[in-house]
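Participant: Have a peek at final_16.csv (CSV, C-alpha atoms).
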```
chain,number,residue,atom,x,y,z
A,1,MET,CA,-7.9,7.3,28.4
A,2,ILE,CA,-9.2,7.3,24.8
A,3,ILE,CA,-7.4,5.5,22.0
A,4,GLY,CA,-8.4,6.2,18.4
A,5,ILE,CA,-8.0,4.3,15.1
A,6,THR,CA,-8.9,5.7,11.7
A,7,LYS,CA,-8.8,4.6,8.1
A,8,GLU,CA,-5.5,4.9,6.3
A,9,ILE,CA,-5.8,7.4,3.5
A,10,ARG,CA,-2.5,6.8,1.8
A,11,ALA,CA,-3.0,5.4,-1.7
A,12,LYS,CA,-3.2,1.6,-1.9
A,13,GLU,CA,-2.9,1.3,1.9
A,14,THR,CA,-5.3,-1.5,3.0
A,15,ARG,CA,-4.0,-2.2,6.5
A,16,VAL,CA,-5.5,-1.1,9.8
A,17,ALA,CA,-3.7,-0.3,13.1
A,18,ALA,CA,-5.9,-2.4,15.4
A,19,THR,CA,-7.7,-5.7,15.2
A,20,PRO,CA,-10.7,-6.9,17.3
A,21,GLU,CA,-8.2,-8.9,19.3
A,22,THR,CA,-6.0,-6.0,20.2
A,23,ILE,CA,-9.0,-3.8,20.9
A,24,LYS,CA,-10.3,-6.4,23.3
A,25,LYS,CA,-7.0,-6.2,25.2
A,26,MET,CA,-7.0,-2.4,25.3
A,27,THR,CA,-10.6,-2.1,26.5
A,28,ALA,CA,-9.6,-4.6,29.3
A,29,TRP,CA,-7.3,-1.8,30.6
A,30,GLY,CA,-10.4,0.4,31.0
A,31,ALA,CA,-9.6,2.4,27.8
A,32,THR,CA,-12.2,3.7,25.5
A,33,VAL,CA,-11.4,2.7,21.9
A,34,LEU,CA,-12.9,4.8,19.1
A,35,LEU,CA,-12.7,3.3,15.6
A,36,GLU,CA,-13.7,5.1,12.4
A,37,LYS,CA,-16.4,3.2,10.6
A,38,ASP,CA,-15.1,0.7,8.0
A,39,ALA,CA,-11.5,1.3,9.1
A,40,GLY,CA,-10.8,-2.5,9.0
A,41,ILE,CA,-13.0,-3.5,6.0
A,42,LYS,CA,-10.2,-3.8,3.5
A,43,ALA,CA,-8.3,-6.0,5.9
A,44,GLY,CA,-11.3,-8.3,6.5
A,45,PHE,CA,-12.4,-6.9,9.9
A,46,THR,CA,-16.1,-5.9,10.2
A,47,ASN,CA,-17.5,-3.1,12.2
A,48,GLU,CA,-19.6,-5.7,14.1
A,49,ALA,CA,-16.4,-7.6,15.1
A,50,TYR,CA,-14.9,-4.4,16.5
A,51,GLN,CA,-18.0,-3.6,18.4
A,52,GLU,CA,-18.1,-7.1,19.9
A,53,ALA,CA,-14.5,-6.5,21.1
A,54,GLY,CA,-15.6,-3.3,22.8
A,55,ALA,CA,-14.8,-0.5,20.3
A,56,GLU,CA,-17.1,2.4,19.7
A,57,ILE,CA,-17.7,2.9,15.9
A,58,ILE,CA,-17.4,6.6,14.9
A,59,SER,CA,-18.7,7.9,11.6
A,60,SER,CA,-15.8,10.3,10.8
A,61,ALA,CA,-12.1,10.4,11.2
A,62,GLN,CA,-12.3,14.0,12.3
A,63,GLU,CA,-14.4,13.0,15.4
A,64,VAL,CA,-11.9,10.3,16.3
A,65,TYR,CA,-9.0,12.6,16.1
A,66,GLN,CA,-10.8,15.3,18.1
A,67,LYS,CA,-11.6,13.0,21.0
A,68,ALA,CA,-8.7,10.6,21.2
A,69,ASP,CA,-5.7,11.0,23.5
A,70,ILE,CA,-3.7,8.4,21.7
A,71,ILE,CA,-3.9,7.7,17.9
A,72,LEU,CA,-2.6,4.4,16.5
A,73,LYS,CA,-1.9,4.4,12.8
A,74,ILE,CA,-0.1,2.4,10.1
A,75,CYS,CA,1.3,5.4,8.2
A,76,ALA,CA,2.3,8.9,9.2
A,77,PRO,CA,-0.6,11.4,8.9
A,78,GLU,CA,-1.1,13.1,5.6
A,79,PRO,CA,-1.3,16.9,5.4
A,80,GLU,CA,-5.1,16.8,4.9
A,81,GLU,CA,-5.4,15.2,8.4
A,82,PHE,CA,-3.3,17.9,10.2
A,83,ALA,CA,-6.3,20.1,10.9
A,84,TYR,CA,-7.9,17.4,13.0
A,85,PHE,CA,-5.2,17.1,15.6
A,86,HIS,CA,-4.9,19.0,18.8
A,87,PRO,CA,-1.8,19.8,21.0
A,88,GLY,CA,-0.8,17.1,23.4
A,89,GLN,CA,-2.0,14.2,21.4
A,90,ILE,CA,0.1,11.1,21.1
A,91,LEU,CA,0.6,9.4,17.7
A,92,ILE,CA,2.2,6.0,17.3
A,93,ALA,CA,2.9,4.8,13.7
A,94,ASP,CA,5.5,4.1,11.0
A,95,PHE,CA,6.7,7.6,10.3
A,96,LYS,CA,9.6,6.5,8.2
A,97,ALA,CA,11.6,8.9,10.3
A,98,LEU,CA,15.0,8.1,8.8
A,99,SER,CA,14.0,8.4,5.1
A,100,LYS,CA,11.7,11.4,5.6
A,101,PRO,CA,13.2,13.4,8.5
A,102,GLU,CA,11.9,16.7,7.1
A,103,LYS,CA,8.3,15.8,7.9
A,104,ILE,CA,9.0,15.6,11.6
A,105,VAL,CA,8.9,19.4,11.6
A,106,ASP,CA,5.3,19.3,10.5
A,107,TYR,CA,4.3,17.1,13.5
A,108,ALA,CA,6.2,19.3,15.9
A,109,LYS,CA,4.4,22.4,14.7
A,110,LEU,CA,1.1,20.6,15.7
A,111,LYS,CA,2.6,20.2,19.2
A,112,LEU,CA,2.2,16.4,19.0
A,113,THR,CA,4.1,13.6,20.7
A,114,CYS,CA,5.0,11.1,18.1
A,115,PHE,CA,6.6,7.6,18.3
A,116,SER,CA,8.0,6.1,15.1
A,117,LEU,CA,8.2,2.4,15.5
A,118,ASP,CA,10.6,2.0,12.6
A,119,LEU,CA,13.2,3.4,14.9
A,120,LEU,CA,13.0,0.6,17.5
A,121,PRO,CA,16.5,-0.6,18.5
A,122,ARG,CA,17.4,-4.2,17.8
A,123,ILE,CA,17.3,-5.5,21.4
A,124,SER,CA,15.5,-8.6,22.7
A,125,ARG,CA,12.6,-6.8,24.5
A,126,ALA,CA,11.8,-4.9,21.3
A,127,GLN,CA,11.3,-7.9,19.1
A,128,THR,CA,7.6,-8.2,19.7
A,129,MET,CA,7.2,-4.6,18.7
A,130,ASP,CA,9.3,-4.6,15.6
A,131,ILE,CA,7.1,-3.5,12.7
A,132,LEU,CA,10.0,-3.7,10.2
A,133,SER,CA,10.5,-7.4,10.8
A,134,SER,CA,6.8,-8.3,10.8
A,135,GLN,CA,5.9,-6.3,7.7
A,136,ASN,CA,9.1,-7.1,5.7
A,137,ASN,CA,8.7,-10.8,6.4
A,138,LEU,CA,5.3,-10.7,4.7
A,139,ALA,CA,6.6,-8.5,1.9
A,140,GLY,CA,9.4,-10.9,1.1
A,141,TYR,CA,6.9,-13.7,0.7
A,142,LYS,CA,4.5,-11.6,-1.4
A,143,ALA,CA,7.4,-10.5,-3.7
A,144,VAL,CA,8.0,-14.0,-4.7
A,145,LEU,CA,4.3,-14.8,-5.3
A,146,ASN,CA,4.0,-11.6,-7.5
A,147,ALA,CA,7.1,-12.6,-9.5
A,148,VAL,CA,5.8,-16.1,-10.1
A,149,ASN,CA,2.5,-14.8,-11.3
A,150,LEU,CA,4.3,-12.6,-13.8
A,151,LEU,CA,6.7,-15.3,-15.0
A,152,GLY,CA,5.7,-17.1,-18.1
A,153,LYS,CA,7.1,-20.5,-17.0
A,154,ALA,CA,6.8,-23.0,-14.2
A,155,VAL,CA,9.0,-22.7,-11.1
A,156,PRO,CA,9.7,-26.2,-9.9
A,157,MET,CA,11.3,-29.0,-11.9
A,158,MET,CA,8.6,-31.1,-13.6
A,159,MET,CA,9.3,-34.5,-15.2
A,160,THR,CA,6.6,-35.5,-17.6
A,161,ALA,CA,6.1,-37.9,-20.4
A,162,ALA,CA,6.4,-34.9,-22.8
A,163,GLY,CA,9.7,-33.8,-21.4
A,164,THR,CA,11.4,-32.3,-18.3
A,165,ILE,CA,11.0,-28.7,-17.3
A,166,ALA,CA,14.0,-27.3,-15.5
A,167,PRO,CA,13.5,-25.4,-12.3
A,168,ALA,CA,13.4,-21.6,-12.4
A,169,LYS,CA,16.4,-19.7,-11.0
A,170,VAL,CA,15.8,-16.9,-8.5
A,171,LEU,CA,18.3,-14.3,-7.4
A,172,VAL,CA,17.6,-12.4,-4.1
A,173,LEU,CA,19.7,-9.3,-3.6
A,174,GLY,CA,19.7,-8.4,0.1
A,175,ALA,CA,19.3,-11.0,2.8
A,176,GLY,CA,17.6,-9.1,5.6
A,177,VAL,CA,14.2,-10.2,6.9
A,178,ALA,CA,12.5,-9.7,3.5
A,179,GLY,CA,15.3,-11.3,1.6
A,180,LEU,CA,15.4,-14.4,3.8
A,181,GLN,CA,11.7,-14.9,3.5
A,182,ALA,CA,11.9,-14.5,-0.3
A,183,ILE,CA,14.6,-17.1,-0.3
A,184,ALA,CA,12.6,-19.5,1.8
A,185,THR,CA,9.4,-19.0,-0.3
A,186,ALA,CA,11.2,-19.4,-3.6
A,187,LYS,CA,12.8,-22.6,-2.3
A,188,ARG,CA,9.5,-24.0,-1.1
A,189,LEU,CA,8.1,-23.4,-4.6
A,190,GLY,CA,10.9,-25.5,-6.1
A,191,ALA,CA,13.2,-22.8,-7.5
A,192,GLN,CA,17.0,-22.8,-7.5
A,193,VAL,CA,17.8,-19.9,-5.3
A,194,PHE,CA,20.9,-17.6,-5.2
A,195,ALA,CA,21.4,-14.7,-2.9
A,196,SER,CA,23.9,-11.8,-2.3
A,197,ASP,CA,24.4,-9.5,0.6
A,198,VAL,CA,27.2,-7.2,1.7
A,199,ARG,CA,27.2,-8.8,5.1
A,200,PRO,CA,29.2,-12.1,5.0
A,201,ALA,CA,27.6,-13.1,8.3
A,202,VAL,CA,24.3,-13.9,6.6
A,203,LYS,CA,25.9,-16.6,4.4
A,204,GLU,CA,25.0,-19.2,7.0
A,205,GLN,CA,21.4,-18.1,7.1
A,206,VAL,CA,21.0,-18.1,3.3
A,207,GLU,CA,22.5,-21.6,3.1
A,208,SER,CA,20.3,-22.9,5.9
A,209,LEU,CA,17.3,-22.0,3.8
A,210,GLY,CA,18.6,-23.9,0.8
A,211,GLY,CA,20.1,-20.9,-1.1
A,212,LYS,CA,23.5,-20.5,-2.6
A,213,PHE,CA,25.4,-17.4,-1.3
A,214,LEU,CA,27.2,-15.2,-3.9
A,215,GLN,CA,30.0,-13.8,-1.8
A,216,VAL,CA,32.1,-10.8,-2.7
A,217,GLU,CA,35.3,-10.9,-0.7
A,218,THR,CA,36.2,-7.8,1.4
A,219,ASP,CA,38.1,-6.9,4.5
A,220,ALA,CA,35.8,-4.0,5.2
A,221,GLU,CA,33.2,-4.0,8.0
A,222,LEU,CA,29.9,-3.7,6.2
A,223,GLU,CA,27.4,-4.1,9.0
A,224,THR,CA,26.3,-1.5,11.6
A,225,ALA,CA,26.1,-2.3,15.3
A,226,SER,CA,22.3,-2.5,14.7
A,227,GLY,CA,22.7,-5.2,12.1
A,228,TYR,CA,22.0,-3.1,9.1
A,229,ALA,CA,24.1,-2.9,5.9
A,230,LYS,CA,26.5,-0.1,5.5
A,231,GLU,CA,27.4,1.8,2.3
A,232,THR,CA,30.2,0.1,0.3
A,233,SER,CA,33.3,1.3,-1.4
A,234,ALA,CA,33.5,1.9,-5.2
A,235,ASP,CA,35.8,-1.1,-5.5
A,236,TYR,CA,33.4,-3.3,-3.7
A,237,GLN,CA,30.5,-2.1,-5.8
A,238,LYS,CA,32.4,-2.8,-9.0
A,239,ARG,CA,33.1,-6.4,-7.9
A,240,GLN,CA,29.6,-6.9,-6.7
A,241,THR,CA,28.2,-5.6,-10.0
A,242,ALA,CA,30.3,-8.1,-11.9
A,243,ALA,CA,29.1,-11.0,-9.7
A,244,VAL,CA,25.4,-9.9,-10.1
A,245,ALA,CA,25.8,-9.4,-13.8
A,246,GLU,CA,27.2,-12.9,-14.2
A,247,GLN,CA,24.3,-14.4,-12.3
A,248,LEU,CA,21.7,-12.4,-14.2
A,249,LYS,CA,22.6,-14.3,-17.4
A,250,LYS,CA,21.1,-17.4,-15.9
A,251,THR,CA,18.3,-15.9,-13.8
A,252,ASP,CA,14.5,-16.0,-14.3
A,253,ILE,CA,13.4,-13.9,-11.3
A,254,VAL,CA,15.2,-11.2,-9.3
A,255,ILE,CA,14.0,-9.9,-5.9
A,256,THR,CA,15.8,-6.8,-4.7
A,257,THR,CA,15.5,-5.8,-1.1
A,258,ALA,CA,18.6,-3.8,-0.3
A,259,GLN,CA,18.2,-0.6,1.6
A,260,ILE,CA,20.4,1.6,3.9
A,261,PRO,CA,18.5,3.3,6.7
A,262,GLY,CA,18.3,7.0,6.1
A,263,LYS,CA,20.0,6.9,2.7
A,264,ALA,CA,19.1,6.2,-1.0
A,265,ALA,CA,18.9,2.6,-1.9
A,266,PRO,CA,22.0,1.2,-3.6
A,267,ARG,CA,21.8,0.8,-7.3
A,268,LEU,CA,22.4,-2.9,-7.9
A,269,ILE,CA,21.0,-3.4,-11.5
A,270,SER,CA,21.7,-0.9,-14.2
A,271,ALA,CA,19.7,-0.6,-17.5
A,272,GLU,CA,22.7,-2.1,-19.2
A,273,MET,CA,22.7,-5.1,-16.9
A,274,LEU,CA,19.0,-5.8,-17.7
A,275,SER,CA,20.0,-6.9,-21.2
A,276,LEU,CA,21.8,-9.9,-19.7
A,277,MET,CA,18.5,-11.5,-18.5
A,278,SER,CA,16.5,-13.7,-20.8
A,279,LYS,CA,13.4,-12.2,-22.3
A,280,GLY,CA,10.4,-12.8,-20.0
A,281,GLY,CA,12.5,-12.5,-16.9
A,282,VAL,CA,10.9,-10.8,-13.9
A,283,ILE,CA,12.3,-8.3,-11.3
A,284,ILE,CA,10.5,-7.2,-8.2
A,285,ASP,CA,12.2,-4.1,-6.7
A,286,MET,CA,11.1,-3.6,-3.0
A,287,ALA,CA,13.3,-0.5,-2.5
A,288,THR,CA,11.6,1.9,-4.9
A,289,ASP,CA,10.4,4.3,-2.1
A,290,SER,CA,14.1,5.1,-1.4
A,291,GLY,CA,15.3,5.3,-5.0
A,292,GLY,CA,15.2,1.7,-6.0
A,293,ASN,CA,17.8,-1.0,-6.6
A,294,VAL,CA,16.9,-1.3,-10.3
A,295,GLU,CA,17.4,1.5,-12.8
A,296,GLY,CA,14.0,2.4,-14.3
A,297,ALA,CA,11.9,0.8,-11.6
A,298,ILE,CA,8.9,3.0,-10.5
A,299,ASP,CA,7.2,2.5,-7.1
A,300,GLY,CA,3.7,1.1,-7.5
A,301,GLN,CA,4.1,0.3,-11.2
A,302,THR,CA,4.8,-2.8,-13.3
A,303,ILE,CA,6.6,-2.0,-16.6
A,304,GLU,CA,8.3,-3.9,-19.3
A,305,LYS,CA,11.7,-2.9,-20.5
A,306,ASP,CA,13.6,-4.8,-23.2
A,307,GLY,CA,11.5,-7.8,-22.6
A,308,ILE,CA,12.0,-7.8,-18.8
A,309,ILE,CA,9.0,-7.2,-16.5
A,310,ILE,CA,10.0,-4.9,-13.6
A,311,GLN,CA,7.6,-4.3,-10.7
A,312,GLY,CA,8.4,-1.5,-8.2
A,313,ASN,CA,6.6,-2.2,-5.0
A,314,SER,CA,7.7,-0.8,-1.6
A,315,ASN,CA,4.4,-1.7,0.2
A,316,LEU,CA,3.9,-5.4,-0.5
A,317,ALA,CA,2.7,-6.0,3.0
A,318,ALA,CA,-0.5,-4.0,2.1
A,319,GLU,CA,-1.3,-6.7,-0.5
A,320,LEU,CA,-1.7,-9.1,2.5
A,321,PRO,CA,-3.8,-6.8,4.6
A,322,GLN,CA,-5.4,-9.2,7.0
A,323,SER,CA,-2.1,-10.9,8.0
A,324,ALA,CA,-0.2,-7.6,7.9
A,325,SER,CA,-2.7,-5.8,10.1
A,326,ARG,CA,-2.7,-8.6,12.6
A,327,LEU,CA,1.0,-8.4,13.0
A,328,PHE,CA,1.3,-4.6,12.9
A,329,ALA,CA,-1.6,-4.3,15.5
A,330,ASN,CA,0.2,-6.7,17.8
A,331,ASN,CA,3.4,-4.7,17.4
A,332,LEU,CA,1.5,-1.6,18.4
A,333,TYR,CA,-0.2,-3.3,21.4
A,334,ASN,CA,3.1,-4.8,22.6
A,335,PHE,CA,4.7,-1.3,22.5
A,336,LEU,CA,1.8,0.2,24.5
A,337,ALA,CA,1.3,-2.6,27.0
A,338,PRO,CA,4.5,-1.9,29.1
A,339,MET,CA,3.4,1.8,29.3
A,340,TYR,CA,0.0,0.9,30.9
A,341,HIS,CA,0.0,1.3,34.6
A,342,LYS,CA,-2.8,-0.8,36.2
A,343,GLU,CA,-3.0,1.2,39.5
A,344,GLN,CA,-3.7,4.5,37.8
A,345,GLN,CA,-5.5,2.8,34.8
A,346,LYS,CA,-3.6,5.0,32.4
A,347,ILE,CA,-0.7,4.9,29.9
A,348,SER,CA,2.3,7.0,30.6
A,349,PHE,CA,5.7,7.1,28.9
A,350,ASP,CA,9.1,6.9,30.7
A,351,PHE,CA,11.3,9.1,28.5
A,352,ALA,CA,14.4,7.6,30.1
A,353,ASP,CA,13.5,4.2,28.8
A,354,ALA,CA,15.6,3.1,25.8
A,355,LEU,CA,12.7,2.2,23.6
A,356,ILE,CA,10.9,5.5,24.3
A,357,LYS,CA,14.1,7.5,23.7
A,358,ALA,CA,14.8,5.7,20.4
A,359,THR,CA,11.3,6.0,19.0
A,360,CYS,CA,10.2,9.4,20.1
A,361,ILE,CA,10.7,11.9,17.2
A,362,CYS,CA,8.9,14.8,18.8
A,363,LYS,CA,7.5,15.5,22.3
A,364,ASP,CA,4.8,18.2,22.8
A,365,GLY,CA,6.1,19.9,19.7
A,366,GLN,CA,9.8,19.7,20.5
A,367,ILE,CA,11.9,17.7,18.0
A,368,MET,CA,13.9,15.0,19.8
A,369,LYS,CA,17.5,14.8,18.6
A,370,LYS,CA,18.9,11.3,18.2
A,371,GLU,CA,22.4,10.4,19.3
```
Starting from the file, lay out its structure as structure tokens.
Facilitator:
Amino acid sequence: MIIGITKEIRAKETRVAATPETIKKMTAWGATVLLEKDAGIKAGFTNEAYQEAGAEIISSAQEVYQKADIILKICAPEPEEFAYFHPGQILIADFKALSKPEKIVDYAKLKLTCFSLDLLPRISRAQTMDILSSQNNLAGYKAVLNAVNLLGKAVPMMMTAAGTIAPAKVLVLGAGVAGLQAIATAKRLGAQVFASDVRPAVKEQVESLGGKFLQVETDAELETASGYAKETSADYQKRQTAAVAEQLKKTDIVITTAQIPGKAAPRLISAEMLSLMSKGGVIIDMATDSGGNVEGAIDGQTIEKDGIIIQGNSNLAAELPQSASRLFANNLYNFLAPMYHKEQQKISFDFADALIKATCICKDGQIMKKE
């Protein structure tokens, strides 16, 4: 049983799919772990630390791919990596299967078996494997730090002999994992925090963190059985836009996190609405990989428009590579651990298991249809 980990080649991707701690656990199974040289350097993990944990350091990604039975990755493979795979290999990563379903065909053609952990169901035994929660939690925190660094004023109230500085006002749109962490972080920094979400059920969570919930009344059910937000009606969108627009007039920082799995991100702030913010205001749009919540936001770029600084950043967790790698690697290990059978000293997958059925996007080259 050979497990392989390579460098991530996606632009600005700094995370790594295994840490010395998780490698030590996997080698305890009797597995051979191959790690591409310097795969963890950007995340602060040295080759020596990996060797001490039991990994074999390999000079090239190609050799790791050729030898490994199971490949652990952060991101789905890029086309330039396809030539290195061989039929029957198992890949476990974040394939973004809902937003990029067309790419599954490419992996199927390579006759691979792929598990996309972004498809894990929201059940109790999957919590320790949930890459979306672990990475979005860090992303929400980092979004606020980035915004504060870009803002030209202090965040907390400051009472000095020279005068009093009023606290900054922060608006968080979307109160999922990332949004709730953004609320908590902004509150800890001393900001006045407001939040909006289509799911009325999150009101209590927002308020428990010290935020004020901007509620748009509706009788419609706007939450899926899995806990994600649904698309809203035109009438609801109109009333939500009015509520957000009113709040923007008195807001210094906006963090947008709203996404709908498998669909374009809802447009929450139009170009016209930007003019309502005071000059020097900052917006961090975390949904720019699926179209963005803010008109004009560009993924991976910080721009200024009409005096407002707009940063599009869908991969904020990669700006905290050591913490993000530790959590992601633990998620991967926790997914694999129940599949390890001590008696046979091997990993095998029960395709009748709910977690396996939910995350397997292709098996030996066959695309797995989801219910």
Participant: For CA of Lys103 (chain A) and CA of Asn313 (chain A), quote the distance in Å rounded to one decimal.
Facilitator: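 Rounded to one decimal, the two atoms are 22.2 Å apart.
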Participant: Distance CA of Lys369 (chain A)-CA of Ile104 (chain A), one decimal place?
Facilitator: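 A separation of 11.0 Å between them.
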Participant: Identify, on the basis of all atoms listed in the file, every residue whose closest approach to Gln181 (chain A) does not exceed 8 Å; exclude the query and any residue fewer than 2 positions from it along the same chain; express the result as an mmCIF file with C-alpha atoms, in the frame of the given file.
Facilitator:
```cif
data_model
loop_
_atom_site.group_PDB
_atom_site.id
_atom_site.type_symbol
_atom_site.label_atom_id
_atom_site.label_comp_id
_atom_site.auth_asym_id
_atom_site.auth_seq_id
_atom_site.Cartn_x
_atom_site.Cartn_y
_atom_site.Cartn_z
ATOM 1 C CA ASN A 137 8.700 -10.800 6.400
ATOM 2 C CA LEU A 138 5.300 -10.700 4.700
ATOM 3 C CA GLY A 140 9.400 -10.900 1.100
ATOM 4 C CA TYR A 141 6.900 -13.700 0.700
ATOM 5 C CA VAL A 177 14.200 -10.200 6.900
ATOM 6 C CA ALA A 178 12.500 -9.700 3.500
ATOM 7 C CA GLY A 179 15.300 -11.300 1.600
ATOM 8 C CA ILE A 183 14.600 -17.100 -0.300
ATOM 9 C CA ALA A 184 12.600 -19.500 1.800
ATOM 10 C CA THR A 185 9.400 -19.000 -0.300
#
```
Participant: Out of A:Ala55, A:Leu180, A:Ala271, A:Ile253, which residue has the shortest atom-to-atom distance to Glu295 (chain A) when counting only C-alpha atoms?
Facilitator: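 Of A:Ala55, A:Leu180, A:Ala271, A:Ile253, the one nearest Glu295 (chain A) is A:Ala271, counting only C-alpha atoms.
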Participant: Would you kindly return, as a ChimeraX atom specification, each protein, DNA or RNA residue with an atom no farther than 7 Å from any atom of region 67-83 of chain A, considering only C-alpha atoms and excluding same-chain residues fewer than 3 positions away?
Facilitator: /A:1-5,16-17,63-64,89-95
Participant: Would you mind reading off the distance between CA of Lys238 (chain A) and CA of Thr256 (chain A), one decimal, in Å?
Facilitator: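 If I compute the distance from CA of Lys238 (chain A) to CA of Thr256 (chain A), I get 17.6 Å.
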Participant: Just want the 8 Å neighbourhood of region 29-44 of chain A, counted on all atoms listed in the file, with same-chain residues fewer than 6 positions away dropped. Output as a tab-separated table (two decimals) with C-alpha atoms, in the frame of the given file.
Facilitator:
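What follows is the written file around-v4.tsv:
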```
chain	number	residue	atom	x	y	z
A	1	MET	CA	-7.90	7.30	28.40
A	2	ILE	CA	-9.20	7.30	24.80
A	3	ILE	CA	-7.40	5.50	22.00
A	4	GLY	CA	-8.40	6.20	18.40
A	5	ILE	CA	-8.00	4.30	15.10
A	6	THR	CA	-8.90	5.70	11.70
A	7	LYS	CA	-8.80	4.60	8.10
A	8	GLU	CA	-5.50	4.90	6.30
A	14	THR	CA	-5.30	-1.50	3.00
A	15	ARG	CA	-4.00	-2.20	6.50
A	16	VAL	CA	-5.50	-1.10	9.80
A	19	THR	CA	-7.70	-5.70	15.20
A	23	ILE	CA	-9.00	-3.80	20.90
A	54	GLY	CA	-15.60	-3.30	22.80
A	55	ALA	CA	-14.80	-0.50	20.30
A	56	GLU	CA	-17.10	2.40	19.70
A	57	ILE	CA	-17.70	2.90	15.90
A	58	ILE	CA	-17.40	6.60	14.90
A	59	SER	CA	-18.70	7.90	11.60
A	60	SER	CA	-15.80	10.30	10.80
A	61	ALA	CA	-12.10	10.40	11.20
A	64	VAL	CA	-11.90	10.30	16.30
A	68	ALA	CA	-8.70	10.60	21.20
A	321	PRO	CA	-3.80	-6.80	4.60
A	322	GLN	CA	-5.40	-9.20	7.00
A	325	SER	CA	-2.70	-5.80	10.10
A	340	TYR	CA	0.00	0.90	30.90
A	342	LYS	CA	-2.80	-0.80	36.20
A	345	GLN	CA	-5.50	2.80	34.80
A	346	LYS	CA	-3.60	5.00	32.40
```
Participant: Taking all atoms listed in the file into account, name the residue in A:Ser314, A:Ala11, A:Val193, A:Ile131 that is nearest to Ser208 (chain A).
Facilitator: A:Val193
Participant: Find the spatial neighbours of Glu204 (chain A), counting all atoms listed in the file, within a cut-off of 12 Å - ignore same-chain residues fewer than 3 positions away - and output them as a list of chain:residue names.
Facilitator: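 In the requested form, the answer reads A:Ala175, A:Leu180, A:Ala195, A:Ser196, A:Asp197, A:Arg199, A:Pro200, A:Ala201, A:Glu207, A:Ser208, A:Leu209, A:Gly210, A:Gly211, A:Lys212, A:Phe213, A:Leu214, A:Gln215.
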Participant: Print the selection's residues with C-alpha atoms to a file, as an mmCIF file, keeping the file's coordinate frame.
Facilitator:
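Okay, this is what ended up in result-v2.cif:
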```cif
data_model
loop_
_atom_site.group_PDB
_atom_site.id
_atom_site.type_symbol
_atom_site.label_atom_id
_atom_site.label_comp_id
_atom_site.auth_asym_id
_atom_site.auth_seq_id
_atom_site.Cartn_x
_atom_site.Cartn_y
_atom_site.Cartn_z
ATOM 1 C CA ALA A 175 19.300 -11.000 2.800
ATOM 2 C CA LEU A 180 15.400 -14.400 3.800
ATOM 3 C CA ALA A 195 21.400 -14.700 -2.900
ATOM 4 C CA SER A 196 23.900 -11.800 -2.300
ATOM 5 C CA ASP A 197 24.400 -9.500 0.600
ATOM 6 C CA ARG A 199 27.200 -8.800 5.100
ATOM 7 C CA PRO A 200 29.200 -12.100 5.000
ATOM 8 C CA ALA A 201 27.600 -13.100 8.300
ATOM 9 C CA GLU A 207 22.500 -21.600 3.100
ATOM 10 C CA SER A 208 20.300 -22.900 5.900
ATOM 11 C CA LEU A 209 17.300 -22.000 3.800
ATOM 12 C CA GLY A 210 18.600 -23.900 0.800
ATOM 13 C CA GLY A 211 20.100 -20.900 -1.100
ATOM 14 C CA LYS A 212 23.500 -20.500 -2.600
ATOM 15 C CA PHE A 213 25.400 -17.400 -1.300
ATOM 16 C CA LEU A 214 27.200 -15.200 -3.900
ATOM 17 C CA GLN A 215 30.000 -13.800 -1.800
#
```
Participant: Fewer than 4 positions away in the same chain doesn't count, so skip those; otherwise give me all residues within 7 Å of Thr22 (chain A), counting only C-alpha atoms, as a list of chain:residue names.
Facilitator: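 The contact residues come out as A:Ala18, A:Met26, A:Ala329, A:Asn330, A:Tyr333.
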Participant: Selected residues, C-alpha atoms, written as a short mmCIF file (atom, residue, chain, number, x, y, z; two decimals), keeping the file's coordinate frame, please.
Facilitator:
```cif
data_model
loop_
_atom_site.label_atom_id
_atom_site.label_comp_id
_atom_site.auth_asym_id
_atom_site.auth_seq_id
_atom_site.Cartn_x
_atom_site.Cartn_y
_atom_site.Cartn_z
CA ALA A 18 -5.90 -2.40 15.40
CA MET A 26 -7.00 -2.40 25.30
CA ALA A 329 -1.60 -4.30 15.50
CA ASN A 330 0.20 -6.70 17.80
CA TYR A 333 -0.20 -3.30 21.40
#
```
Participant: Ranking A:Met157, A:Ala147, A:Val254, A:Met368 by minimum distance to Phe351 (chain A) and counting only C-alpha atoms, which one comes first?
Facilitator: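 Closest candidate: A:Met368.
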Participant: Because some atoms of region 186-191 of chain A are absent here, can you restore N, CA and C atoms and send them as a PDB file, in the coordinates of the input?
Facilitator:
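Okay, rebuild21.pdb is ready:
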```pdb
ATOM      1  N   ALA A 186      10.763 -18.930  -2.304  1.00  0.00           N
ATOM      2  CA  ALA A 186      11.200 -19.400  -3.600  1.00  0.00           C
ATOM      3  C   ALA A 186      11.636 -20.862  -3.569  1.00  0.00           C
ATOM      4  N   LYS A 187      12.345 -21.196  -2.504  1.00  0.00           N
ATOM      5  CA  LYS A 187      12.800 -22.600  -2.300  1.00  0.00           C
ATOM      6  C   LYS A 187      11.661 -23.539  -2.164  1.00  0.00           C
ATOM      7  N   ARG A 188      10.679 -23.127  -1.350  1.00  0.00           N
ATOM      8  CA  ARG A 188       9.500 -24.000  -1.100  1.00  0.00           C
ATOM      9  C   ARG A 188       8.743 -24.219  -2.433  1.00  0.00           C
ATOM     10  N   LEU A 189       8.793 -23.250  -3.342  1.00  0.00           N
ATOM     11  CA  LEU A 189       8.100 -23.400  -4.600  1.00  0.00           C
ATOM     12  C   LEU A 189       8.897 -24.223  -5.623  1.00  0.00           C
ATOM     13  N   GLY A 190      10.109 -24.600  -5.257  1.00  0.00           N
ATOM     14  CA  GLY A 190      10.900 -25.500  -6.100  1.00  0.00           C
ATOM     15  C   GLY A 190      11.947 -24.820  -6.956  1.00  0.00           C
ATOM     16  N   ALA A 191      12.202 -23.530  -6.710  1.00  0.00           N
ATOM     17  CA  ALA A 191      13.200 -22.800  -7.500  1.00  0.00           C
ATOM     18  C   ALA A 191      14.621 -23.120  -7.013  1.00  0.00           C
TER      19      ALA A 191
END
```
